[in-house]
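Pasted below: work-v7.txt, compact mmCIF, C-alpha atoms and all ligand atoms.
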# COMPACT_ATOMS: atom_id res chain seq x y z
CA MET A 1 0.00 0.00 0.00
CA SER A 2 1.24 3.43 -0.75
CA GLY A 3 -0.04 6.95 -0.88
CA GLN A 4 -1.06 9.46 1.69
CA PRO A 5 -4.75 9.16 2.50
CA ASP A 6 -4.99 12.84 3.31
CA LYS A 7 -3.73 13.93 -0.06
CA ILE A 8 -6.48 12.31 -2.02
CA THR A 9 -10.02 13.37 -1.43
CA ASN A 10 -13.10 12.89 -3.54
CA GLN A 11 -13.11 16.66 -4.09
CA ALA A 12 -9.89 16.56 -6.05
CA LYS A 13 -11.20 14.64 -9.00
CA ILE A 14 -14.15 14.66 -11.32
CA VAL A 15 -16.72 12.06 -10.38
CA ARG A 16 -18.65 10.31 -13.10
CA GLU A 17 -20.43 7.24 -11.86
CA ILE A 18 -23.87 5.72 -11.53
CA ARG A 19 -24.79 5.40 -7.90
CA VAL A 20 -27.36 2.75 -7.27
CA ASN A 21 -30.10 3.80 -4.93
CA PRO A 22 -30.05 0.88 -2.47
CA ILE A 23 -33.74 1.22 -1.62
CA VAL A 24 -35.13 1.74 -5.13
CA PRO A 25 -32.48 0.63 -7.67
CA SER A 26 -34.60 1.93 -10.54
CA GLU A 27 -34.09 5.41 -9.08
CA SER A 28 -30.34 5.36 -9.46
CA VAL A 29 -28.39 8.53 -10.08
CA LEU A 30 -25.62 9.56 -12.42
CA VAL A 31 -23.18 11.67 -10.43
CA ALA A 32 -21.32 13.76 -13.02
CA THR A 33 -19.43 16.64 -11.51
CA ALA A 34 -17.86 17.92 -14.72
CA ARG A 35 -19.36 21.34 -15.22
CA SER A 36 -21.63 22.51 -18.01
CA MET A 37 -23.39 19.17 -18.37
CA ARG A 38 -26.81 20.60 -17.75
CA PRO A 39 -28.58 23.94 -17.75
CA LYS A 40 -28.21 25.27 -14.25
CA LYS A 41 -30.17 27.68 -12.25
CA GLU A 42 -26.96 28.71 -10.53
CA GLU A 43 -26.97 29.19 -6.82
CA THR A 44 -27.75 32.86 -7.11
CA PRO A 45 -30.31 34.02 -4.60
CA SER A 46 -33.79 34.05 -6.09
CA PRO A 47 -35.93 37.04 -5.26
CA HIS A 48 -37.75 36.14 -2.07
CA ASP A 49 -40.80 38.10 -1.03
CA SER A 50 -40.16 38.64 2.68
CA SER A 51 -43.08 41.00 3.34
CA PRO A 52 -45.00 40.04 6.50
CA HIS A 53 -48.38 41.00 4.98
CA VAL A 54 -49.71 41.38 1.45
CA GLU A 55 -53.04 43.17 1.01
CA THR A 56 -54.22 40.95 -1.87
CA CYS A 57 -52.95 37.59 -0.57
CA PRO A 58 -55.76 35.10 0.18
CA PHE A 59 -53.61 33.40 2.85
CA CYS A 60 -52.79 36.56 4.86
CA ARG A 61 -54.59 37.40 8.11
CA GLY A 62 -57.61 39.60 7.53
CA ASN A 63 -58.28 38.01 4.11
CA GLU A 64 -59.83 34.81 5.49
CA ALA A 65 -62.99 35.41 3.43
CA MET A 66 -60.93 34.87 0.27
CA THR A 67 -60.46 31.15 1.06
CA PRO A 68 -63.07 28.43 1.61
CA SER A 69 -64.08 28.18 5.29
CA PRO A 70 -61.33 26.57 7.36
CA ILE A 71 -61.29 22.87 8.17
CA SER A 72 -59.16 23.72 11.14
CA GLN A 73 -57.61 26.84 12.59
CA VAL A 74 -55.12 26.91 15.47
CA PRO A 75 -55.85 28.77 17.64
CA GLU A 76 -59.48 29.51 16.75
CA GLY A 77 -60.12 33.20 16.12
CA SER A 78 -58.49 36.00 14.21
CA ASP A 79 -55.03 35.50 15.75
CA TRP A 80 -54.64 32.04 14.17
CA GLN A 81 -51.13 30.68 13.64
CA VAL A 82 -51.87 27.77 11.28
CA ARG A 83 -54.96 27.32 9.13
CA ILE A 84 -56.14 24.38 7.00
CA VAL A 85 -58.51 25.01 4.08
CA GLU A 86 -59.70 23.02 1.06
CA ASN A 87 -57.64 23.61 -2.08
CA LEU A 88 -59.70 25.69 -4.51
CA TYR A 89 -58.21 23.75 -7.43
CA PRO A 90 -57.91 20.23 -6.06
CA VAL A 91 -55.99 17.56 -8.00
CA LEU A 92 -58.16 14.96 -6.27
CA ASP A 93 -61.66 15.53 -4.95
CA ASP A 94 -64.42 14.03 -2.87
CA ASP A 95 -66.39 12.79 -5.84
CA ARG A 96 -67.64 9.22 -5.89
CA GLU A 97 -69.73 9.61 -9.03
CA ASP A 98 -67.22 8.49 -11.67
CA PRO A 99 -66.40 4.80 -11.45
CA ASP A 100 -63.01 3.33 -12.28
CA LEU A 101 -62.91 2.49 -15.97
CA ALA A 102 -61.07 -0.05 -18.08
CA PHE A 103 -61.20 -0.12 -21.87
CA GLY A 104 -58.48 -2.35 -23.22
CA LEU A 105 -55.21 -0.82 -22.10
CA GLN A 106 -56.88 2.40 -21.01
CA GLN A 107 -57.46 1.93 -17.32
CA THR A 108 -58.45 4.74 -15.05
CA ILE A 109 -58.70 5.12 -11.32
CA ASN A 110 -61.22 7.71 -10.28
CA GLY A 111 -59.53 10.85 -8.97
CA TYR A 112 -61.11 10.40 -5.57
CA GLY A 113 -59.41 11.97 -2.60
CA ARG A 114 -58.85 15.16 -0.66
CA HIS A 115 -56.58 18.09 -1.35
CA LEU A 116 -55.97 20.46 1.55
CA VAL A 117 -53.81 23.55 1.92
CA VAL A 118 -52.03 24.17 5.20
CA ILE A 119 -51.27 27.86 5.65
CA ASP A 120 -48.07 27.31 7.61
CA HIS A 121 -47.85 30.71 9.27
CA SER A 122 -49.73 33.99 9.39
CA CYS A 123 -46.62 35.89 8.27
CA HIS A 124 -46.63 35.98 4.46
CA GLY A 125 -42.93 35.76 3.60
CA ILE A 126 -41.50 33.83 6.55
CA ARG A 127 -39.23 30.89 5.74
CA ILE A 128 -39.04 27.72 7.81
CA HIS A 129 -35.67 28.55 9.36
CA GLU A 130 -37.11 31.94 10.42
CA MET A 131 -40.05 30.34 12.28
CA THR A 132 -39.67 29.57 15.99
CA LYS A 133 -39.03 26.01 17.06
CA GLU A 134 -42.39 26.10 18.86
CA HIS A 135 -44.19 27.09 15.68
CA ILE A 136 -42.58 24.29 13.66
CA THR A 137 -43.52 21.83 16.42
CA LEU A 138 -47.12 23.04 16.15
CA LEU A 139 -47.03 22.70 12.36
CA LEU A 140 -45.69 19.13 12.56
CA SER A 141 -48.37 18.19 15.10
CA ILE A 142 -51.03 19.64 12.79
CA TYR A 143 -49.70 17.51 9.90
CA GLN A 144 -49.89 14.48 12.17
CA ASP A 145 -53.37 15.25 13.39
CA ARG A 146 -54.74 15.82 9.88
CA MET A 147 -53.10 12.67 8.49
CA GLU A 148 -54.62 10.65 11.32
CA LYS A 149 -58.08 12.15 10.74
CA LEU A 150 -57.92 11.52 6.98
CA TYR A 151 -56.85 7.88 7.42
CA HIS A 152 -59.67 7.32 9.89
CA SER A 153 -62.33 9.26 8.02
CA ASP A 154 -62.56 7.09 4.95
CA ASN A 155 -61.15 3.70 4.06
CA LEU A 156 -61.03 4.58 0.35
CA LEU A 157 -58.11 6.88 1.18
CA ARG A 158 -55.01 4.71 0.89
CA TYR A 159 -52.18 7.20 1.28
CA VAL A 160 -51.90 10.66 2.80
CA LEU A 161 -49.03 12.69 1.38
CA VAL A 162 -47.80 15.82 3.19
CA PHE A 163 -45.59 18.03 1.06
CA LYS A 164 -44.49 21.58 0.46
CA ASN A 165 -43.54 23.49 -2.68
CA PHE A 166 -41.54 26.60 -1.85
CA GLY A 167 -40.65 29.09 -4.57
CA PRO A 168 -41.77 29.23 -8.21
CA ALA A 169 -38.99 26.83 -9.29
CA ALA A 170 -40.55 24.24 -6.96
CA GLY A 171 -44.07 24.75 -8.33
CA ALA A 172 -45.52 27.09 -5.70
CA SER A 173 -48.18 29.29 -7.29
CA ILE A 174 -48.95 31.37 -4.19
CA SER A 175 -45.97 32.95 -2.46
CA HIS A 176 -47.47 32.91 1.04
CA THR A 177 -45.77 30.05 2.90
CA HIS A 178 -47.99 26.98 2.76
CA SER A 179 -47.85 23.21 2.51
CA GLN A 180 -50.35 20.71 1.18
CA ILE A 181 -51.93 17.43 2.13
CA ILE A 182 -53.26 15.12 -0.54
CA ALA A 183 -55.15 11.97 0.44
CA MET A 184 -55.04 9.51 -2.44
CA PRO A 185 -57.05 6.44 -3.48
CA VAL A 186 -53.82 4.56 -4.26
CA VAL A 187 -50.41 4.24 -2.63
CA PRO A 188 -47.95 6.06 -4.91
CA ASP A 189 -45.48 3.91 -6.84
CA ASN A 190 -42.36 5.38 -5.25
CA VAL A 191 -43.69 4.70 -1.75
CA GLN A 192 -44.69 1.16 -2.80
CA ALA A 193 -41.20 0.62 -4.20
CA GLU A 194 -39.58 1.82 -0.96
CA VAL A 195 -41.85 -0.44 1.10
CA ARG A 196 -41.30 -3.45 -1.18
CA ASN A 197 -37.55 -3.11 -1.56
CA SER A 198 -36.89 -2.44 2.11
CA ALA A 199 -38.95 -5.56 2.91
CA VAL A 200 -36.73 -7.62 0.57
CA PHE A 201 -33.62 -6.27 2.36
CA TYR A 202 -35.20 -7.14 5.69
CA GLN A 203 -35.93 -10.70 4.60
CA THR A 204 -32.30 -11.13 3.58
CA VAL A 205 -30.48 -9.66 6.58
CA GLN A 206 -33.22 -9.15 9.21
CA ARG A 207 -32.40 -5.45 9.43
CA CYS A 208 -34.12 -2.27 8.34
CA ILE A 209 -32.22 -0.79 5.39
CA PHE A 210 -32.79 2.76 6.63
CA CYS A 211 -31.37 1.87 10.08
CA SER A 212 -28.40 0.31 8.26
CA LEU A 213 -27.91 3.50 6.21
CA ILE A 214 -27.90 5.58 9.39
CA ASP A 215 -25.39 3.20 11.02
CA GLU A 216 -23.13 3.41 7.99
CA ALA A 217 -23.36 7.21 7.93
CA LEU A 218 -22.37 7.35 11.61
CA ASN A 219 -19.80 4.56 11.85
CA PHE A 220 -18.49 3.45 8.49
CA GLU A 221 -14.92 4.31 7.59
CA THR A 222 -12.74 2.69 4.98
CA THR A 223 -10.09 3.23 2.34
CA ILE A 224 -10.27 1.41 -0.97
CA TYR A 225 -6.94 0.82 -2.72
CA ASN A 226 -6.21 -0.17 -6.28
CA LYS A 227 -4.95 -3.78 -6.11
CA GLU A 228 -2.14 -3.25 -8.61
CA SER A 229 -0.86 0.27 -8.08
CA GLY A 230 -1.73 0.60 -4.41
CA ALA A 231 -3.16 4.05 -5.12
CA ILE A 232 -6.14 5.13 -3.10
CA GLN A 233 -9.33 4.85 -5.13
CA ARG A 234 -11.73 6.17 -2.56
CA ARG A 235 -11.88 7.10 1.07
CA ILE A 236 -15.04 6.88 3.06
CA ASP A 237 -14.88 8.93 6.23
CA VAL A 238 -17.04 8.65 9.32
CA GLY A 239 -19.86 11.17 9.17
CA GLN A 240 -19.16 12.08 5.55
CA PHE A 241 -22.86 12.10 4.71
CA VAL A 242 -24.14 13.49 8.02
CA ILE A 243 -25.40 17.09 7.95
CA GLU A 244 -27.07 17.49 11.33
CA ARG A 245 -27.87 15.33 14.31
CA SER A 246 -30.16 15.82 17.28
CA ARG A 247 -31.08 13.54 20.13
CA ARG A 248 -33.71 11.65 18.14
CA PHE A 249 -33.19 12.58 14.46
CA ILE A 250 -30.52 12.84 11.79
CA THR A 251 -30.20 14.74 8.51
CA ILE A 252 -28.17 12.87 5.92
CA LYS A 253 -27.11 13.44 2.34
CA PRO A 254 -28.02 10.33 0.34
CA PHE A 255 -25.03 8.67 -1.35
CA ALA A 256 -27.13 8.54 -4.54
CA SER A 257 -28.76 11.99 -4.28
CA ARG A 258 -30.97 12.85 -7.26
CA PHE A 259 -30.76 16.58 -6.61
CA GLU A 260 -27.56 18.52 -5.86
CA TRP A 261 -28.72 19.67 -2.41
CA GLU A 262 -31.17 16.88 -1.57
CA VAL A 263 -31.14 15.82 2.09
CA HIS A 264 -33.23 13.36 4.10
CA ILE A 265 -34.34 13.51 7.72
CA LEU A 266 -34.92 10.25 9.58
CA PRO A 267 -35.63 9.23 13.17
CA LEU A 268 -32.47 7.66 14.66
CA LYS A 269 -34.52 4.95 16.35
CA HIS A 270 -36.50 2.68 14.04
CA SER A 271 -40.04 3.90 13.44
CA PRO A 272 -42.23 3.08 10.43
CA ASP A 273 -44.95 5.66 10.87
CA PHE A 274 -44.67 9.44 11.34
CA LEU A 275 -47.94 9.26 13.30
CA GLU A 276 -46.14 7.34 16.07
CA THR A 277 -43.82 10.29 16.78
CA SER A 278 -44.38 11.58 20.32
CA PRO A 279 -44.91 15.31 21.06
CA GLU A 280 -41.48 15.39 22.72
CA ASP A 281 -39.84 13.94 19.61
CA LEU A 282 -41.73 16.40 17.38
CA ALA A 283 -40.08 19.25 19.30
CA ASP A 284 -36.66 17.66 18.75
CA LEU A 285 -37.48 17.18 15.05
CA ALA A 286 -38.61 20.81 14.77
CA SER A 287 -35.27 22.08 15.96
CA LEU A 288 -33.29 19.79 13.62
CA PHE A 289 -35.59 20.66 10.69
CA ARG A 290 -35.09 24.37 11.33
CA LYS A 291 -31.31 24.01 11.40
CA THR A 292 -31.30 21.89 8.25
CA MET A 293 -33.35 24.50 6.39
CA ALA A 294 -31.05 27.26 7.67
CA ARG A 295 -28.02 25.39 6.28
CA LEU A 296 -29.67 24.96 2.87
CA ASN A 297 -30.70 28.58 2.85
CA THR A 298 -27.19 29.79 3.64
CA VAL A 299 -25.58 27.67 0.92
CA LEU A 300 -28.24 28.34 -1.72
CA GLY A 301 -28.89 32.02 -0.99
CA SER A 302 -32.61 31.50 -0.89
CA ALA A 303 -33.60 27.90 -1.30
CA GLN A 304 -36.55 26.94 -3.50
CA TYR A 305 -37.46 23.40 -2.65
CA ASN A 306 -39.97 20.61 -2.28
CA PHE A 307 -40.22 18.47 0.78
CA PHE A 308 -42.44 15.50 1.40
CA PHE A 309 -43.07 12.89 4.10
CA HIS A 310 -42.80 9.18 3.36
CA SER A 311 -44.50 7.17 6.06
CA LEU A 312 -45.75 3.57 6.07
CA PRO A 313 -49.14 3.43 4.30
CA HIS A 314 -52.04 2.36 6.50
CA GLY A 315 -54.00 -0.83 5.82
CA PRO A 316 -53.67 -4.51 6.67
CA GLU A 317 -51.28 -5.30 3.78
CA TYR A 318 -48.69 -2.90 5.21
CA THR A 319 -48.63 -3.94 8.87
CA GLY A 320 -46.09 -6.67 8.00
CA SER A 321 -43.67 -3.97 6.82
CA SER A 322 -43.48 -2.14 10.13
CA ARG A 323 -40.04 -3.57 10.91
CA SER A 324 -38.58 -2.98 7.46
CA PHE A 325 -39.93 0.48 6.59
CA HIS A 326 -38.64 3.62 8.32
CA TRP A 327 -40.44 6.94 7.88
CA HIS A 328 -38.51 9.96 6.62
CA ILE A 329 -38.72 13.44 5.12
CA GLU A 330 -37.08 14.08 1.75
CA ILE A 331 -36.07 17.70 1.08
CA CYS A 332 -35.25 18.46 -2.56
CA PRO A 333 -33.98 21.98 -3.35
CA ARG A 334 -34.47 22.94 -7.01
CA THR A 335 -31.30 24.27 -8.56
CA SER A 336 -31.39 22.64 -11.99
CA ILE A 337 -33.85 21.80 -14.73
CA PRO A 338 -34.37 18.15 -15.75
CA THR A 339 -32.98 17.50 -19.23
CA GLY A 340 -34.15 15.26 -22.05
CA PHE A 341 -31.51 12.75 -21.03
CA GLU A 342 -32.94 12.56 -17.53
CA MET A 343 -36.52 12.36 -18.72
CA GLY A 344 -35.67 9.85 -21.42
CA SER A 345 -33.47 7.59 -19.32
CA GLY A 346 -34.99 8.05 -15.87
CA LEU A 347 -31.41 8.50 -14.65
CA PHE A 348 -31.03 11.72 -12.66
CA VAL A 349 -27.82 13.66 -13.24
CA ASN A 350 -26.23 15.26 -10.19
CA THR A 351 -23.43 17.73 -10.92
CA ILE A 352 -22.19 18.11 -7.32
CA CYS A 353 -20.63 15.15 -5.60
CA PRO A 354 -22.93 14.34 -2.64
CA GLU A 355 -20.07 14.12 -0.12
CA ASP A 356 -18.84 17.59 -1.17
CA ALA A 357 -22.35 19.02 -0.89
CA ALA A 358 -22.63 17.40 2.56
CA GLU A 359 -19.38 19.02 3.63
CA ARG A 360 -20.53 22.47 2.52
CA LEU A 361 -23.83 22.11 4.34
CA ARG A 362 -22.14 20.78 7.47
CA ASN A 363 -19.61 23.63 7.50
CA VAL A 364 -22.28 26.35 7.64
CA VAL A 365 -21.92 28.11 10.99
CA LEU A 366 -25.39 28.61 12.45
CA PRO A 367 -26.26 31.32 14.94
CA ASP A 368 -27.20 29.92 18.38
ZN ZN B 1 -49.91 36.20 2.44
ZN ZN B 2 -35.25 1.49 10.58
ZN ZN B 3 -38.77 8.22 0.52

Could you express the structure from this file as structure tokens?
Amino acid sequence: MSGQPDKITNQAKIVREIRVNPIVPSESVLVATARSMRPKKEETPSPHDSSPHVETCPFCRGNEAMTPSPISQVPEGSDWQVRIVENLYPVLDDDREDPDLAFGLQQTINGYGRHLVVIDHSCHGIRIHEMTKEHITLLLSIYQDRMEKLYHSDNLLRYVLVFKNFGPAAGASISHTHSQIIAMPVVPDNVQAEVRNSAVFYQTVQRCIFCSLIDEALNFETTIYNKESGAIQRRIDVGQFVIERSRRFITIKPFASRFEWEVHILPLKHSPDFLETSPEDLADLASLFRKTMARLNTVLGSAQYNFFFHSLPHGPEYTGSSRSFHWHIEICPRTSIPTGFEMGSGLFVNTICPEDAAERLRNVVLPD
């Protein structure tokens, strides 16, 4: 063996490799750090509307009459902090009239479901890292409460997806901070694939693949040498993919990240269902979530992003997966535009090596 481990880092060279997503291999990623491979929305700060109140905004306090009547408002009254209303333009709706259809290969599932808007905060332009920890805890508990109610209200609802689009590049059409809850008549394919593939891993090694990923991120360290020349091919350092850690949660950069600044938040202790998270753990999650968003915001100027929760679907066919599936939040900042290659091949191209992105996020110095 020869060579100085410290001299060679993954930063020094161009990476061009397909990284297999261990949970959903069909969602593998091409990491290609050579520049100019794809049109980039460079990391220049996007204009962010930080006004606390906008006269014409339907989600601002005082304009409550501009939205449908609230499904829930916390607290009740005009000083509400979080409000849930029906989406005026739902992608799925409470309409049982149209049956599922099948003509030859043209099969349809009726667009039955619910589409709710959660007005995250009364302040129009506030970003998550600017909210108090207490407010984020409240917001998380409202997500939980609504998911629970939707699952129990109607057994035709098979999956409840909580997500947020922030910024026009992430598909947000109203700039007032808000998230959405869509209850669907089917379990989405990507969630099914995560559930199915993690169950296969569990059957093979009797371990949850997400718990194994966390263990690797926290403990794994190795150096891979070229057999003939003895040169170092790759070093894997402890904590290389860890961004943030709290008592109960961890933010990690996936080894096969689809998006340059994609990060995932997971409970450190195995848990299949977000609804099982205790109020105490929600407070711990709120503080880690806030710090994670602050890191992204510092590195990206003003992050435009999507986040979504993946939790074990409810229903008897999923109870057997409670040991193999591990709930998580995926946060995907939008800094590039998908190309024809990506759409045609299904292979995402990532132009920043995930371990380098992790280092930059980790090195952000946060105020206390
Ligand atoms: Zn507003
Ligand atoms: Zn687990
Ligand atoms: Zn997921």

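Taking atom CA of Ala102 of chain A and atom CA of Asn87 of chain A as the two end points, the separation is 28.8 Å.
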
For this session: Choose the residue, out of A:Pro367, A:Gly171, A:Gly104, A:Gly77, that has the smallest atom-to-atom separation from Ala294 of chain A; count all atoms listed in the file.
Result: A:Pro367

Could you give me, as CSV, every chain A residue with an atom at most 12 Å from ligand ZN 1 (chain B), plus its closest atom pair and distance in Å to one decimal, counting all atoms listed in the file, rows ordered by chain then number?
residue,atom,partner,partner_atom,distance
A:Asp49,CA,B:ZN1,ZN,9.9
A:Ser50,CA,B:ZN1,ZN,10.1
A:Ser51,CA,B:ZN1,ZN,8.4
A:Pro52,CA,B:ZN1,ZN,7.4
A:His53,CA,B:ZN1,ZN,5.6
A:Val54,CA,B:ZN1,ZN,5.3
A:Glu55,CA,B:ZN1,ZN,7.8
A:Thr56,CA,B:ZN1,ZN,7.7
A:Cys57,CA,B:ZN1,ZN,4.5
A:Pro58,CA,B:ZN1,ZN,6.4
A:Phe59,CA,B:ZN1,ZN,4.7
A:Cys60,CA,B:ZN1,ZN,3.8
A:Arg61,CA,B:ZN1,ZN,7.4
A:Gly62,CA,B:ZN1,ZN,9.8
A:Asn63,CA,B:ZN1,ZN,8.7
A:Glu64,CA,B:ZN1,ZN,10.5
A:Met66,CA,B:ZN1,ZN,11.3
A:Thr67,CA,B:ZN1,ZN,11.8
A:Ile119,CA,B:ZN1,ZN,9.0
A:Asp120,CA,B:ZN1,ZN,10.4
A:His121,CA,B:ZN1,ZN,9.0
A:Ser122,CA,B:ZN1,ZN,7.3
A:Cys123,CA,B:ZN1,ZN,6.7
A:His124,CA,B:ZN1,ZN,3.9
A:Gly125,CA,B:ZN1,ZN,7.1
A:Ile126,CA,B:ZN1,ZN,9.7
A:Ile174,CA,B:ZN1,ZN,8.3
A:Ser175,CA,B:ZN1,ZN,7.1
A:His176,CA,B:ZN1,ZN,4.3
A:Thr177,CA,B:ZN1,ZN,7.4
A:His178,CA,B:ZN1,ZN,9.4

Problem set entry | Nearest candidate to ligand ZN 3 (chain B) (options A:Asn21, A:Ser173, A:Asn297, A:Asn226; using all atoms listed in the file) | A:Asn21

Report as a Markdown table the residues of chain A within 10 Å of ligand ZN 3 (chain B), each with its shortest atom pair and distance in Å (one decimal), using all atoms listed in the file, ordered by chain and increasing residue number.
| residue | atom | partner | partner_atom | distance |
| --- | --- | --- | --- | --- |
| A:Ile23 | CA | B:ZN3 | ZN | 8.9 |
| A:Val24 | CA | B:ZN3 | ZN | 9.3 |
| A:Asn190 | CA | B:ZN3 | ZN | 7.4 |
| A:Val191 | CA | B:ZN3 | ZN | 6.5 |
| A:Gln192 | CA | B:ZN3 | ZN | 9.8 |
| A:Ala193 | CA | B:ZN3 | ZN | 9.3 |
| A:Glu194 | CA | B:ZN3 | ZN | 6.6 |
| A:Val195 | CA | B:ZN3 | ZN | 9.2 |
| A:His264 | CA | B:ZN3 | ZN | 8.4 |
| A:Ile265 | CA | B:ZN3 | ZN | 10.0 |
| A:Phe308 | CA | B:ZN3 | ZN | 8.2 |
| A:Phe309 | CA | B:ZN3 | ZN | 7.3 |
| A:His310 | CA | B:ZN3 | ZN | 5.0 |
| A:Ser311 | CA | B:ZN3 | ZN | 8.0 |
| A:Phe325 | CA | B:ZN3 | ZN | 9.9 |
| A:His326 | CA | B:ZN3 | ZN | 9.1 |
| A:Trp327 | CA | B:ZN3 | ZN | 7.7 |
| A:His328 | CA | B:ZN3 | ZN | 6.3 |
| A:Ile329 | CA | B:ZN3 | ZN | 7.0 |
| A:Glu330 | CA | B:ZN3 | ZN | 6.2 |
| A:Ile331 | CA | B:ZN3 | ZN | 9.9 |

Closest contacts (chain A/ligand ZN 2 (chain B), max 6 Å, only C-alpha atoms and all ligand atoms) as a Markdown table:
| residue | atom | partner | partner_atom | distance |
| --- | --- | --- | --- | --- |
| A:Cys208 | CA | B:ZN2 | ZN | 4.5 |
| A:Phe210 | CA | B:ZN2 | ZN | 4.8 |
| A:Cys211 | CA | B:ZN2 | ZN | 3.9 |
| A:His270 | CA | B:ZN2 | ZN | 3.9 |
| A:His326 | CA | B:ZN2 | ZN | 4.6 |

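Counting from atom CA of Leu282 of chain A, the distance to atom CA of Thr137 of chain A is 5.8 Å.
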
For this session: Quote the spacing between atom CA of Pro68 of chain A and atom CA of Leu88 of chain A in Å to one decimal place.
Result: 7.5 Å

Could you please give me, as a JSON list (two decimals) with C-alpha atoms, in the coordinates of the input, the residues of protein, DNA or RNA lying at most 6 Å from (-47.0, 26.3, 11.9) in the coordinate frame of the file, considering all atoms listed in the file?
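Result went into point_16.json, see below:
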[["chain", "number", "residue", "atom", "x", "y", "z"],
["A", 82, "VAL", "CA", -51.87, 27.77, 11.28],
["A", 120, "ASP", "CA", -48.07, 27.31, 7.61],
["A", 121, "HIS", "CA", -47.85, 30.71, 9.27],
["A", 135, "HIS", "CA", -44.19, 27.09, 15.68],
["A", 136, "ILE", "CA", -42.58, 24.29, 13.66],
["A", 138, "LEU", "CA", -47.12, 23.04, 16.15],
["A", 139, "LEU", "CA", -47.03, 22.70, 12.36]]

Seminar exercise, completed: In terms of only C-alpha atoms, the residue from A:His152, A:His48, A:Lys291, A:Lys253 at minimal distance from Ile352 of chain A is A:Lys253

For this session: Check the smallest atom-to-atom distance from each of A:Tyr159, A:Tyr225, A:Phe103, A:Phe255 to Pro22 of chain A using only C-alpha atoms, then report the winner.
Result: A:Phe255

I'd like the contact shell of Leu156 of chain A - 9 Å cut-off, only C-alpha atoms, skipping same-chain residues fewer than 4 positions apart - returned as an mmCIF file with C-alpha atoms, in the frame of the given file.
data_model
loop_
_atom_site.group_PDB
_atom_site.id
_atom_site.type_symbol
_atom_site.label_atom_id
_atom_site.label_comp_id
_atom_site.auth_asym_id
_atom_site.auth_seq_id
_atom_site.Cartn_x
_atom_site.Cartn_y
_atom_site.Cartn_z
ATOM 1 C CA TYR A 112 -61.110 10.400 -5.570
ATOM 2 C CA GLY A 113 -59.410 11.970 -2.600
ATOM 3 C CA TYR A 151 -56.850 7.880 7.420
ATOM 4 C CA MET A 184 -55.040 9.510 -2.440
ATOM 5 C CA PRO A 185 -57.050 6.440 -3.480
ATOM 6 C CA VAL A 186 -53.820 4.560 -4.260
#

Problem set entry | Distance criterion (only C-alpha atoms): nearest to Glu27 of chain A out of A:Ala283, A:Ile337, A:Ala256, A:Asn306 |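 Ranking A:Ala283, A:Ile337, A:Ala256, A:Asn306 by distance to Glu27 of chain A, first place goes to A:Ala256.
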
Problem set entry | Nearby residues (all atoms listed in the file) at most 9 Å from Phe307 of chain A, same-chain spacing under 3 positions excluded, as JSON, numbers by chain | {"A": [162, 163, 164, 165, 166, 329, 330, 331, 332, 333]}

Exercise. What lies within 7 Å of Ala183 of chain A using only C-alpha atoms, ignoring chain neighbours under 5 positions off, as a ChimeraX atom specification?
Worked result: /A:113-115,157,159-161
